[in-house]
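Visitor: Please read through the structure below; I'll follow up with questions.
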Amino acid sequence: MTVQGVGGDRLSLDDIERCFQGHVPAVLATASADGVPNITYLSRVLRVDAGRVALSNQFLSKSARNLAENPTASLLLIDGDNQDEYRLTVVYERTERRGQVFEQMRADVDAIAAMTGMQDVFRLQAADIYRVEDITVLRRHEGPDASRSLPEGPRAVPDVGSLSDLCLRLSRCGDLDTLVRVAVDGLAGLLGHEHSLLLLLDEEGTRLFTIASRGYDQEGVGAEVPMGEGLIGMAAAQGRPIKVGNLRQMTKYGESVRRAFEESGGIGPGHEIPMPGLARADSRLAVPAMALGQVVGVVVVESDRAAEYGDEDVAALQVVASLLASAVESIRAEERAAPVRAVVAPGPRPEPPAEAARTHVRFFPVDGSTFLDGDYLIKGVAGRILWSLLRQHTEEGRVDFTNREVRLDPSLDLPDFRDNFESRLILLKRRLDERAAAIRIEKTGRGRFRLDVAAPLHLESRGDPD
Amino acid sequence: MLTEQLRGLVAEGTSILVGFVEADGRPYATRAYGFTVHDDGRRARMLLRPTDLAPLGIAVGDRPGVPVAVTGAVVRTLDSVQVKGRLVAVEEATAEDLVHGHHHVEAFIDAVVAVDRFPRRHMERWRPGDVVACVVVIDELFSQTPGPGAGAALGPVVEGPQ
C-alpha cells in the first residue's frame, strides 16, 4: 500500500519500517463520539502487512471506548535510528486474540513482563488491527545526517565457516570445564559475541546457574536465574529463543508499568530480577540449549547496540546451543557410566606454606552455603561437595579424588535421576578460581581431580545436623 | 495539590503530546513545547507549530474553543498526566514564550540524549522552528502513566466557575 505523504511524497509502510522496531514508544490519539480527544503511549506497534498495523491493547480502556464510538485514530511513530517522526491516520478493523500477529506481539509484551518481574500481571490482552489511511511526515532531516544514528549497523551475518570451526572446536572438548571455556571464547573469537553467558539447568529443573561467561567485569559464575523469570528464564521455560533489540525502551516502559502495579497493590515490591550482564545492554538474545527434547541450559549473548541480532544470529546460536547441550549430556552420561575407580591411597598430605594465613571455611548444612573468610562462595550441591572434600582432606589427608567416588557420598544429597555432579564440580572450581582462593580444584585426568590447599584450614559447620 | 502535580509533569524536559479532533471527527496527534500553567491553575499556555493547527483551520487571532488533550510525560520514567480542556485562543508567541519554549526544548533534548542515548545531532530536528502560542482552559486531569491506573481521573484542577 502506498499513501500520500507531505509535499507529494508517497510513503508506504516499507518506508517507515524502522519505526516498528520499538526503539521509541508510539503515541495513540483517539476521539469520543462527542469529539473529546484522548492521547496516550503504547507499548508496541507492529506492521501486519502492506496496509495494516497492529497495536498492543493492554491499558487502553479510554481509547477502547473511543474506538467503539469512532474507529479513526492518529498514531505517532518515530524512527529510532534517525528520529524522523511520522503521523499515521488509521482506522480500527478488528481485534485478534490468537494467530501469528498476536503471538508475535505477545512475545514482545512477555519479554517486557519477564524483565521486570510482572509475568503474573502484565499480559497482552489483544492485538488491535488497524488499516492505514495516510502517512504524514512530521519531522524529517534531509541531508547527510538522515542516515542511521545508531553507533553501528547490525552485525555482519555469521558465516558458515566460522560456525563450523566453532562446532569442531566444541566437538573436540573432553570435559565440561574445557567445553564451556571453548564455547564462550569461540562465541567471541569466531562469531563476534564479545559478551556471553552460559547457564545450566539445576538438579530440580527450577533454576539456571551460570557456569561460564565472557566479556564482563565479574565472571558471575554461580549467579542464578529462576526458571521462567527474565528473558533467560523465559527462554528456558518456553524452549524457544528470545531476542530483544530495544532493551532500554522496553525496560523503561516495563518499569513504569511495574510502579503503577505496585501502587495499585497488584504486585509487591522487590520482585525484580537483577539482570546479569552489561549495564547498558540494548540487545539480548537468549537461546535454550536442548538435547533429547529437554532443556539443558541457555546460551545468552548481548550488546550495548540496539537491534544487534538478526535471524541469522538466532540460527547460528541455536546450532551452537544444541551442540553444547548434547556435549554436556554426553559428558554427564559418561561420568555416570564410569566404574568406581580404586580410591587413590592417601599419601603424605602436602603442608601449606608456614607463612600462609589460615582460611576460615564456614559451612551451613541446611542449604550448603559456604563462606571463605566471611565472604560468600557458593551454596547447594557445590557447597556440599567442597565441604565433603575438605573434611576428607583434613581428616584423612586426601588430595586426589575421582568424580565417581565423590558422587556416591550421600551427604551431597544428589538426586538419582539427574545429579549434575560434573557441572557442579566445574562451577565450584570456577568460583574458587574467580576468587583466587587458597583452595583450588585441578583436573588430573578424565573423571579425576586434585584438591590443592595452599593455606591452613579452619573448618566450621554451623547447625550441623550431625 | 493537583496543580503542583500538573506543573511537575509538564515541567521543562518532559515530552508533551497533544490530541485534537478535526471537524469531521478524525483525531490527530502532534507535539507541543513549553507548556506553562497559569497561577490560577485553570489556564495553560503552550507552543505549537502553525502547521500543527492547519488541519483544524485555526490560525493566530482565532478563538476556537475546540477540545484538546495534552499529555506530559517524564522522559526517564514515562510518568504521565493528561489534561483535558479547550483550546480557547491562538496568539503570536511572545518573547517570554520563546525563551520558555527554548528552555523546554533544550531540556527535552538533554533528557532524550541522556536517557535514550540518541545522538544529539539527530535531536536537532526536534526544534520546532516557527511557533504560535495556544491558550488552553483546563477542565480535568487524568493519570496517563502506562499501567492499570492509566485513565484514572485526578479531578478538576480548581473548583468553581470558569
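Every chain in the C-alpha cells has a letter given in the order shown (A, B, ...), and although residue numbers restart at 1 in each chain, ligands are simply numbered from 1 in the order shown.
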Just list the residues in chain B DSSP gives alpha helix (DSSP H) on the backbone, as a ChimeraX atom specification.

Guide: /B:2-9,50-53,95-116,120-123

Visitor: For chain A, report every residue with an atom at most 7 Å from chain B (counting only C-alpha atoms), formatted as a PyMOL selection string.

Guide: chain A and resi 29-31+35-40+59+62+72-76+82-83+139+141+149+252-253+256-257+260-261

Visitor: How about saving the chosen residues, N, CA, C and O atoms kept, as a CSV table (one decimal), in the first residue's frame?

Guide:
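again15.csv was written with the following content:
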chain,number,residue,atom,x,y,z
A,29,ALA,N,-3.7,8.7,19.5
A,29,ALA,CA,-4.8,9.7,19.8
A,29,ALA,C,-6.1,9.1,19.3
A,29,ALA,O,-6.1,8.7,18.1
A,30,THR,N,-7.1,9.2,20.1
A,30,THR,CA,-8.4,8.8,19.7
A,30,THR,C,-9.4,9.9,20.1
A,30,THR,O,-9.0,10.8,20.7
A,31,ALA,N,-10.7,9.7,19.6
A,31,ALA,CA,-11.7,10.7,20.0
A,31,ALA,C,-13.0,10.0,20.3
A,31,ALA,O,-13.4,9.0,19.6
A,35,GLY,N,-16.5,14.2,20.3
A,35,GLY,CA,-15.3,15.0,19.9
A,35,GLY,C,-14.3,15.3,20.9
A,35,GLY,O,-13.6,16.3,20.8
A,36,VAL,N,-14.2,14.5,22.0
A,36,VAL,CA,-13.2,14.8,23.0
A,36,VAL,C,-12.0,13.9,22.8
A,36,VAL,O,-12.2,12.7,22.7
A,37,PRO,N,-10.8,14.5,22.6
A,37,PRO,CA,-9.7,13.6,22.2
A,37,PRO,C,-9.1,13.0,23.5
A,37,PRO,O,-9.3,13.4,24.6
A,38,ASN,N,-8.3,11.9,23.2
A,38,ASN,CA,-7.5,11.3,24.3
A,38,ASN,C,-6.2,10.9,23.6
A,38,ASN,O,-6.1,10.4,22.5
A,39,ILE,N,-5.1,11.0,24.4
A,39,ILE,CA,-3.8,10.8,23.8
A,39,ILE,C,-2.9,10.0,24.8
A,39,ILE,O,-2.8,10.4,26.0
A,40,THR,N,-2.3,9.0,24.4
A,40,THR,CA,-1.5,8.1,25.3
A,40,THR,C,-0.4,7.4,24.6
A,40,THR,O,-0.3,7.3,23.4
A,59,PHE,N,-3.7,-1.3,28.4
A,59,PHE,CA,-4.3,-0.4,29.3
A,59,PHE,C,-5.0,0.7,28.6
A,59,PHE,O,-5.0,1.9,29.0
A,62,LYS,N,-9.8,3.9,28.0
A,62,LYS,CA,-10.4,5.1,27.4
A,62,LYS,C,-10.4,5.0,25.9
A,62,LYS,O,-11.3,5.3,25.2
A,72,THR,N,-11.6,5.9,13.9
A,72,THR,CA,-10.4,6.5,13.4
A,72,THR,C,-9.5,7.0,14.5
A,72,THR,O,-9.9,7.5,15.5
A,73,ALA,N,-8.2,6.7,14.3
A,73,ALA,CA,-7.2,7.1,15.3
A,73,ALA,C,-6.0,7.7,14.6
A,73,ALA,O,-5.8,7.6,13.4
A,74,SER,N,-5.2,8.4,15.4
A,74,SER,CA,-4.0,9.0,14.9
A,74,SER,C,-2.8,8.5,15.7
A,74,SER,O,-2.8,8.4,16.9
A,75,LEU,N,-1.8,8.1,14.9
A,75,LEU,CA,-0.6,7.4,15.5
A,75,LEU,C,0.7,8.2,15.2
A,75,LEU,O,0.9,8.6,14.1
A,76,LEU,N,1.5,8.4,16.3
A,76,LEU,CA,2.8,9.0,16.0
A,76,LEU,C,3.8,7.9,16.2
A,76,LEU,O,3.9,7.2,17.2
A,82,ASN,N,17.0,7.5,13.4
A,82,ASN,CA,17.4,8.8,13.0
A,82,ASN,C,16.4,9.9,13.5
A,82,ASN,O,16.5,11.1,13.2
A,83,GLN,N,15.4,9.5,14.3
A,83,GLN,CA,14.5,10.4,15.0
A,83,GLN,C,13.5,11.1,14.0
A,83,GLN,O,12.8,12.0,14.4
A,139,ARG,N,8.5,15.3,11.1
A,139,ARG,CA,9.8,15.9,11.1
A,139,ARG,C,10.7,14.9,10.4
A,139,ARG,O,10.7,13.7,10.7
A,141,HIS,N,14.8,14.9,8.7
A,141,HIS,CA,16.0,15.7,8.4
A,141,HIS,C,16.4,15.3,7.0
A,141,HIS,O,16.6,14.1,6.7
A,149,SER,N,21.4,6.7,13.0
A,149,SER,CA,22.1,7.4,14.1
A,149,SER,C,22.7,6.5,15.1
A,149,SER,O,23.5,6.9,16.0
A,252,LYS,N,12.3,0.7,30.3
A,252,LYS,CA,11.7,1.9,30.8
A,252,LYS,C,10.2,1.8,30.8
A,252,LYS,O,9.6,2.1,31.8
A,253,TYR,N,9.6,1.3,29.8
A,253,TYR,CA,8.1,1.1,29.8
A,253,TYR,C,7.7,0.1,30.8
A,253,TYR,O,6.8,0.4,31.6
A,256,SER,N,7.8,1.5,34.3
A,256,SER,CA,6.8,2.4,34.6
A,256,SER,C,5.5,1.7,34.9
A,256,SER,O,4.8,2.0,35.9
A,257,VAL,N,5.2,0.6,34.1
A,257,VAL,CA,4.0,-0.2,34.4
A,257,VAL,C,4.1,-0.9,35.7
A,257,VAL,O,3.2,-0.9,36.5
A,260,ALA,N,3.3,1.3,38.5
A,260,ALA,CA,1.8,1.5,38.6
A,260,ALA,C,1.1,0.3,39.3
A,260,ALA,O,0.2,0.5,40.1
A,261,PHE,N,1.6,-0.9,38.9
A,261,PHE,CA,1.0,-2.1,39.6
A,261,PHE,C,1.3,-2.1,41.1
A,261,PHE,O,0.5,-2.5,41.9

Visitor: Counting only C-alpha atoms, which residue out of A:Arg52, A:Arg358, A:Arg336, A:Arg391 sits closest to Ala454 (chain A)?

Guide: A:Arg358

Visitor: Return the single residue from B:Val99, B:Leu154, B:Leu48, B:Val136 that is closest to Pro64 (chain B), with distances computed using only C-alpha atoms.

Guide: B:Val136

Visitor: List the spatial neighbours of Glu91 (chain B) as a list in words - criterion: any atom at most 6 Å away, only C-alpha atoms, same-chain residues fewer than 6 positions off excluded.

Guide: Val60, Gly61 and Ala133 of chain B

Visitor: Find the residue from B:Val131, B:Leu53, B:Ala59, B:Ile138 that sits nearest to Gly34 (chain B); use only C-alpha atoms when measuring.

Guide: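 Distance minimum relative to Gly34 (chain B) lands on B:Val131.
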
Visitor: Using only C-alpha atoms, determine which residues lie at most 12 Å from Thr359 (chain A), disregarding the query and same-chain residues fewer than 5 positions distant; provide the list as a list in words.

Guide: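 In the requested format, the answer is Pro352, Phe371, Leu372, Asp373, Gly374, Asp375, Leu390, Ala437, Ala438, Ile439, Val453, Ala454, Ala455, Pro456, Leu457, His458, Leu459 and Glu460 of chain A.
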
Visitor: Please write the residues from the selection above to a file, keeping all heavy atoms, as a CSV table (one decimal), in the first residue's frame.

Guide:
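Result file is selection_9.csv:
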chain,number,residue,atom,x,y,z
A,352,PRO,N,50.7,-26.8,53.7
A,352,PRO,CA,50.7,-25.4,53.2
A,352,PRO,C,51.9,-24.6,53.7
A,352,PRO,O,52.4,-25.0,54.7
A,352,PRO,CB,49.4,-24.9,53.7
A,352,PRO,CG,49.0,-25.7,54.8
A,352,PRO,CD,49.6,-27.0,54.6
A,371,PHE,N,31.1,-20.2,53.1
A,371,PHE,CA,31.8,-18.9,53.1
A,371,PHE,C,33.3,-19.1,53.3
A,371,PHE,O,33.7,-20.0,54.1
A,371,PHE,CB,31.2,-18.0,54.3
A,371,PHE,CG,29.8,-17.6,54.1
A,371,PHE,CD1,28.8,-18.6,54.3
A,371,PHE,CD2,29.4,-16.4,53.7
A,371,PHE,CE1,27.4,-18.2,54.2
A,371,PHE,CE2,28.1,-16.0,53.5
A,371,PHE,CZ,27.1,-17.0,53.8
A,372,LEU,N,34.1,-18.4,52.6
A,372,LEU,CA,35.5,-18.4,52.8
A,372,LEU,C,35.9,-17.1,53.5
A,372,LEU,O,35.7,-16.0,52.9
A,372,LEU,CB,36.3,-18.6,51.5
A,372,LEU,CG,36.1,-19.9,50.8
A,372,LEU,CD1,37.1,-19.9,49.6
A,372,LEU,CD2,36.4,-21.1,51.7
A,373,ASP,N,36.5,-17.1,54.7
A,373,ASP,CA,36.9,-15.9,55.4
A,373,ASP,C,35.8,-14.9,55.4
A,373,ASP,O,36.0,-13.7,55.2
A,373,ASP,CB,38.2,-15.3,54.7
A,373,ASP,CG,39.4,-16.3,54.9
A,373,ASP,OD1,39.4,-17.0,55.9
A,373,ASP,OD2,40.2,-16.3,54.0
A,374,GLY,N,34.6,-15.4,55.6
A,374,GLY,CA,33.4,-14.5,55.8
A,374,GLY,C,32.8,-14.1,54.5
A,374,GLY,O,31.7,-13.5,54.5
A,375,ASP,N,33.4,-14.4,53.4
A,375,ASP,CA,32.8,-14.0,52.1
A,375,ASP,C,32.0,-15.2,51.5
A,375,ASP,O,32.5,-16.3,51.4
A,375,ASP,CB,33.8,-13.5,51.1
A,375,ASP,CG,34.5,-12.2,51.5
A,375,ASP,OD1,33.8,-11.5,52.2
A,375,ASP,OD2,35.6,-12.0,51.2
A,390,LEU,N,36.9,-31.1,51.8
A,390,LEU,CA,37.7,-30.5,52.8
A,390,LEU,C,37.8,-31.4,54.1
A,390,LEU,O,38.8,-31.5,54.7
A,390,LEU,CB,37.2,-29.1,53.2
A,390,LEU,CG,37.4,-28.1,52.0
A,390,LEU,CD1,36.8,-26.7,52.5
A,390,LEU,CD2,38.9,-27.9,51.7
A,437,ALA,N,41.1,-18.2,45.4
A,437,ALA,CA,41.1,-18.8,46.8
A,437,ALA,C,42.3,-19.6,47.1
A,437,ALA,O,43.0,-20.1,46.1
A,437,ALA,CB,39.8,-19.6,47.0
A,438,ALA,N,42.6,-19.9,48.4
A,438,ALA,CA,43.7,-20.7,48.8
A,438,ALA,C,43.4,-22.2,48.5
A,438,ALA,O,44.2,-23.1,48.7
A,438,ALA,CB,44.0,-20.5,50.2
A,439,ILE,N,42.1,-22.5,48.2
A,439,ILE,CA,41.7,-23.8,47.9
A,439,ILE,C,41.4,-23.9,46.4
A,439,ILE,O,40.6,-23.0,45.9
A,439,ILE,CB,40.4,-24.2,48.7
A,439,ILE,CG1,40.7,-24.0,50.2
A,439,ILE,CG2,39.9,-25.6,48.4
A,439,ILE,CD1,39.4,-23.9,51.1
A,453,VAL,N,45.4,-27.3,48.5
A,453,VAL,CA,45.1,-26.4,49.6
A,453,VAL,C,46.4,-25.6,50.0
A,453,VAL,O,47.4,-26.3,50.3
A,453,VAL,CB,44.6,-27.2,50.8
A,453,VAL,CG1,44.4,-26.2,52.0
A,453,VAL,CG2,43.3,-27.9,50.4
A,454,ALA,N,46.4,-24.3,49.8
A,454,ALA,CA,47.6,-23.5,50.0
A,454,ALA,C,47.6,-22.8,51.3
A,454,ALA,O,48.4,-21.8,51.4
A,454,ALA,CB,47.8,-22.6,48.8
A,455,ALA,N,46.7,-23.1,52.2
A,455,ALA,CA,46.7,-22.4,53.5
A,455,ALA,C,46.2,-23.3,54.6
A,455,ALA,O,45.4,-24.3,54.2
A,455,ALA,CB,45.8,-21.2,53.4
A,456,PRO,N,46.6,-23.2,55.8
A,456,PRO,CA,46.0,-23.9,56.9
A,456,PRO,C,44.5,-23.7,56.9
A,456,PRO,O,44.0,-22.5,56.6
A,456,PRO,CB,46.6,-23.4,58.1
A,456,PRO,CG,47.8,-22.7,57.7
A,456,PRO,CD,47.6,-22.2,56.3
A,457,LEU,N,43.7,-24.7,57.2
A,457,LEU,CA,42.2,-24.5,57.2
A,457,LEU,C,41.6,-24.6,58.6
A,457,LEU,O,42.1,-25.3,59.4
A,457,LEU,CB,41.6,-25.7,56.4
A,457,LEU,CG,42.0,-25.8,54.9
A,457,LEU,CD1,41.4,-27.0,54.2
A,457,LEU,CD2,41.6,-24.5,54.2
A,458,HIS,N,40.6,-23.8,58.8
A,458,HIS,CA,39.8,-23.9,60.0
A,458,HIS,C,38.3,-24.1,59.5
A,458,HIS,O,37.7,-23.3,58.8
A,458,HIS,CB,39.8,-22.6,60.8
A,458,HIS,CG,38.8,-22.5,61.9
A,458,HIS,ND1,38.7,-23.5,62.9
A,458,HIS,CD2,37.7,-21.7,62.1
A,458,HIS,CE1,37.7,-23.2,63.7
A,458,HIS,NE2,37.1,-22.1,63.2
A,459,LEU,N,37.9,-25.3,59.7
A,459,LEU,CA,36.5,-25.7,59.2
A,459,LEU,C,35.5,-25.5,60.3
A,459,LEU,O,35.7,-26.0,61.4
A,459,LEU,CB,36.5,-27.2,58.7
A,459,LEU,CG,37.5,-27.6,57.7
A,459,LEU,CD1,37.3,-29.0,57.2
A,459,LEU,CD2,37.5,-26.6,56.5
A,460,GLU,N,34.4,-24.9,60.0
A,460,GLU,CA,33.3,-24.7,60.9
A,460,GLU,C,32.0,-25.0,60.3
A,460,GLU,O,31.7,-24.4,59.2
A,460,GLU,CB,33.4,-23.2,61.4
A,460,GLU,CG,32.2,-22.9,62.3
A,460,GLU,CD,32.1,-21.4,62.6
A,460,GLU,OE1,32.8,-20.6,61.9
A,460,GLU,OE2,31.3,-21.0,63.4

Visitor: So which bits of chain B end up strand (DSSP E or B) when you DSSP the backbone, as a PyMOL selection string?

Guide: chain B and resi 15-21+27-31+33-37+43-48+66-73+80-92+132-143+153-155

Visitor: So that I have them on file, write out the residues from the current selection with C-alpha atoms, as a PDB file, in the first residue's frame.

Guide:
ATOM      1  CA  SER B  15       7.537  15.085  26.336  1.00  0.00           C
ATOM      2  CA  ILE B  16       4.314  16.937  25.541  1.00  0.00           C
ATOM      3  CA  LEU B  17       1.751  15.187  23.363  1.00  0.00           C
ATOM      4  CA  VAL B  18      -1.329  16.931  22.015  1.00  0.00           C
ATOM      5  CA  GLY B  19      -4.537  15.428  20.654  1.00  0.00           C
ATOM      6  CA  PHE B  20      -7.083  17.412  18.622  1.00  0.00           C
ATOM      7  CA  VAL B  21     -10.191  16.407  16.703  1.00  0.00           C
ATOM      8  CA  PRO B  27      -8.465  12.748  15.856  1.00  0.00           C
ATOM      9  CA  TYR B  28      -4.900  13.727  15.215  1.00  0.00           C
ATOM     10  CA  ALA B  29      -1.810  13.712  17.375  1.00  0.00           C
ATOM     11  CA  THR B  30       1.047  16.156  17.480  1.00  0.00           C
ATOM     12  CA  ARG B  31       3.531  17.667  19.929  1.00  0.00           C
ATOM     13  CA  TYR B  33       6.554  22.808  23.593  1.00  0.00           C
ATOM     14  CA  GLY B  34       6.945  24.991  26.643  1.00  0.00           C
ATOM     15  CA  PHE B  35       3.715  24.118  28.438  1.00  0.00           C
ATOM     16  CA  THR B  36       3.142  26.515  31.340  1.00  0.00           C
ATOM     17  CA  VAL B  37       0.307  26.573  33.854  1.00  0.00           C
ATOM     18  CA  ARG B  43      -5.320  28.025  32.271  1.00  0.00           C
ATOM     19  CA  ALA B  44      -2.213  26.943  30.478  1.00  0.00           C
ATOM     20  CA  ARG B  45      -0.161  28.133  27.558  1.00  0.00           C
ATOM     21  CA  MET B  46       1.783  26.044  25.070  1.00  0.00           C
ATOM     22  CA  LEU B  47       3.608  26.461  21.797  1.00  0.00           C
ATOM     23  CA  LEU B  48       2.717  24.632  18.589  1.00  0.00           C
ATOM     24  CA  VAL B  66     -12.134  23.280  20.448  1.00  0.00           C
ATOM     25  CA  PRO B  67     -11.476  20.290  22.727  1.00  0.00           C
ATOM     26  CA  VAL B  68      -7.838  19.375  23.319  1.00  0.00           C
ATOM     27  CA  ALA B  69      -5.964  16.671  25.235  1.00  0.00           C
ATOM     28  CA  VAL B  70      -2.405  17.339  26.387  1.00  0.00           C
ATOM     29  CA  THR B  71      -0.266  14.606  27.936  1.00  0.00           C
ATOM     30  CA  GLY B  72       3.002  15.464  29.673  1.00  0.00           C
ATOM     31  CA  ALA B  73       5.370  12.522  30.147  1.00  0.00           C
ATOM     32  CA  SER B  80       2.328  10.915  32.626  1.00  0.00           C
ATOM     33  CA  VAL B  81      -0.545  13.261  33.331  1.00  0.00           C
ATOM     34  CA  GLN B  82      -3.219  14.175  30.799  1.00  0.00           C
ATOM     35  CA  VAL B  83      -5.039  17.488  30.678  1.00  0.00           C
ATOM     36  CA  LYS B  84      -8.477  17.609  29.103  1.00  0.00           C
ATOM     37  CA  GLY B  85      -9.678  21.050  28.185  1.00  0.00           C
ATOM     38  CA  ARG B  86     -10.321  23.517  25.403  1.00  0.00           C
ATOM     39  CA  LEU B  87      -8.090  25.494  23.109  1.00  0.00           C
ATOM     40  CA  VAL B  88      -9.585  28.976  23.559  1.00  0.00           C
ATOM     41  CA  ALA B  89      -7.114  31.275  21.814  1.00  0.00           C
ATOM     42  CA  VAL B  90      -4.201  31.263  19.396  1.00  0.00           C
ATOM     43  CA  GLU B  91      -1.770  34.174  19.667  1.00  0.00           C
ATOM     44  CA  GLU B  92       1.580  35.290  18.396  1.00  0.00           C
ATOM     45  CA  VAL B 132       2.400  30.140  17.886  1.00  0.00           C
ATOM     46  CA  ALA B 133       1.084  30.327  21.438  1.00  0.00           C
ATOM     47  CA  CYS B 134      -2.065  28.413  22.341  1.00  0.00           C
ATOM     48  CA  VAL B 135      -4.165  29.190  25.412  1.00  0.00           C
ATOM     49  CA  VAL B 136      -5.841  26.176  26.969  1.00  0.00           C
ATOM     50  CA  VAL B 137      -8.565  26.138  29.601  1.00  0.00           C
ATOM     51  CA  ILE B 138      -8.008  23.088  31.797  1.00  0.00           C
ATOM     52  CA  ASP B 139     -11.125  21.165  32.772  1.00  0.00           C
ATOM     53  CA  GLU B 140      -9.844  17.852  34.111  1.00  0.00           C
ATOM     54  CA  LEU B 141      -6.681  15.931  34.913  1.00  0.00           C
ATOM     55  CA  PHE B 142      -6.071  12.225  34.428  1.00  0.00           C
ATOM     56  CA  SER B 143      -3.228   9.889  35.228  1.00  0.00           C
ATOM     57  CA  ALA B 153      -9.332  10.836  36.921  1.00  0.00           C
ATOM     58  CA  LEU B 154      -7.253  13.080  39.129  1.00  0.00           C
ATOM     59  CA  GLY B 155     -10.137  15.520  39.406  1.00  0.00           C
TER      60      GLY B 155
END

Visitor: Please provide the set of residues having any atom within 8 Å of Leu414 (chain A), restricted to only C-alpha atoms, with same-chain residues fewer than 5 positions apart removed, written as a PyMOL selection string.

Guide: chain A and resi 203+381+407+419+421

Visitor: Just the selected residues (all heavy atoms), exported as a PDB file, in the first residue's frame, please.

Guide:
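Saved file selection.pdb follows:
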ATOM      1  N   GLU A 203      19.527 -29.336  39.307  1.00  0.00           N
ATOM      2  CA  GLU A 203      19.073 -30.701  39.510  1.00  0.00           C
ATOM      3  C   GLU A 203      17.551 -30.805  39.571  1.00  0.00           C
ATOM      4  O   GLU A 203      16.960 -31.779  39.113  1.00  0.00           O
ATOM      5  CB  GLU A 203      19.669 -31.278  40.798  1.00  0.00           C
ATOM      6  CG  GLU A 203      21.170 -31.439  40.786  1.00  0.00           C
ATOM      7  CD  GLU A 203      21.906 -30.126  40.990  1.00  0.00           C
ATOM      8  OE1 GLU A 203      21.264 -29.092  41.235  1.00  0.00           O
ATOM      9  OE2 GLU A 203      23.147 -30.140  40.898  1.00  0.00           O
ATOM     10  N   VAL A 381      24.559 -28.007  46.093  1.00  0.00           N
ATOM     11  CA  VAL A 381      25.380 -29.191  45.865  1.00  0.00           C
ATOM     12  C   VAL A 381      26.865 -28.831  45.817  1.00  0.00           C
ATOM     13  O   VAL A 381      27.705 -29.542  46.387  1.00  0.00           O
ATOM     14  CB  VAL A 381      24.948 -29.882  44.556  1.00  0.00           C
ATOM     15  CG1 VAL A 381      25.904 -31.000  44.203  1.00  0.00           C
ATOM     16  CG2 VAL A 381      23.520 -30.412  44.694  1.00  0.00           C
ATOM     17  N   ARG A 407      30.758 -38.625  43.968  1.00  0.00           N
ATOM     18  CA  ARG A 407      29.340 -38.599  43.626  1.00  0.00           C
ATOM     19  C   ARG A 407      28.527 -39.514  44.551  1.00  0.00           C
ATOM     20  O   ARG A 407      27.368 -39.230  44.861  1.00  0.00           O
ATOM     21  CB  ARG A 407      29.174 -39.038  42.171  1.00  0.00           C
ATOM     22  CG  ARG A 407      27.774 -39.457  41.814  1.00  0.00           C
ATOM     23  CD  ARG A 407      27.624 -39.891  40.384  1.00  0.00           C
ATOM     24  NE  ARG A 407      27.556 -38.744  39.502  1.00  0.00           N
ATOM     25  CZ  ARG A 407      28.445 -38.458  38.580  1.00  0.00           C
ATOM     26  NH1 ARG A 407      29.488 -39.225  38.397  1.00  0.00           N
ATOM     27  NH2 ARG A 407      28.286 -37.415  37.829  1.00  0.00           N
ATOM     28  N   ASP A 419      21.976 -35.905  38.423  1.00  0.00           N
ATOM     29  CA  ASP A 419      22.775 -35.417  39.543  1.00  0.00           C
ATOM     30  C   ASP A 419      23.637 -34.202  39.226  1.00  0.00           C
ATOM     31  O   ASP A 419      24.073 -33.496  40.111  1.00  0.00           O
ATOM     32  CB  ASP A 419      23.594 -36.549  40.149  1.00  0.00           C
ATOM     33  CG  ASP A 419      24.711 -37.041  39.240  1.00  0.00           C
ATOM     34  OD1 ASP A 419      25.171 -36.277  38.375  1.00  0.00           O
ATOM     35  OD2 ASP A 419      25.126 -38.194  39.414  1.00  0.00           O
ATOM     36  N   PHE A 421      26.529 -33.699  38.772  1.00  0.00           N
ATOM     37  CA  PHE A 421      27.732 -33.598  39.601  1.00  0.00           C
ATOM     38  C   PHE A 421      28.859 -32.862  38.865  1.00  0.00           C
ATOM     39  O   PHE A 421      29.513 -31.981  39.422  1.00  0.00           O
ATOM     40  CB  PHE A 421      28.214 -35.000  40.012  1.00  0.00           C
ATOM     41  CG  PHE A 421      29.514 -34.969  40.755  1.00  0.00           C
ATOM     42  CD1 PHE A 421      29.540 -34.721  42.118  1.00  0.00           C
ATOM     43  CD2 PHE A 421      30.731 -35.151  40.100  1.00  0.00           C
ATOM     44  CE1 PHE A 421      30.736 -34.662  42.812  1.00  0.00           C
ATOM     45  CE2 PHE A 421      31.924 -35.090  40.783  1.00  0.00           C
ATOM     46  CZ  PHE A 421      31.938 -34.853  42.145  1.00  0.00           C
TER      47      PHE A 421
END

Visitor: In Å, how far is it from CA of Ala50 (chain A) to CA of Arg87 (chain A)?

Guide: 16.5 Å

Visitor: Which residue is closest to Asp409 (chain A)? Choose from A:Gln238, A:Gln392, A:Ser171, A:Ser423 and count only C-alpha atoms.

Guide: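 Looking only at the distances to Asp409 (chain A), the closest residue turns out to be A:Gln392.
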
Visitor: I'd like the neighbourhood of Pro288 (chain A) as a PyMOL selection string, where a residue qualifies if any of its atoms comes within 8 Å (using only C-alpha atoms), though same-chain residues fewer than 3 positions away should be ignored.

Guide: chain A and resi 235-236+239-241+295-299+318+321

Visitor: Between CA of Arg431 (chain A) and CA of Val221 (chain A), what is the distance in Å, rounded to a tenth?

Guide: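 Here the two named atoms are 6.1 Å from each other.
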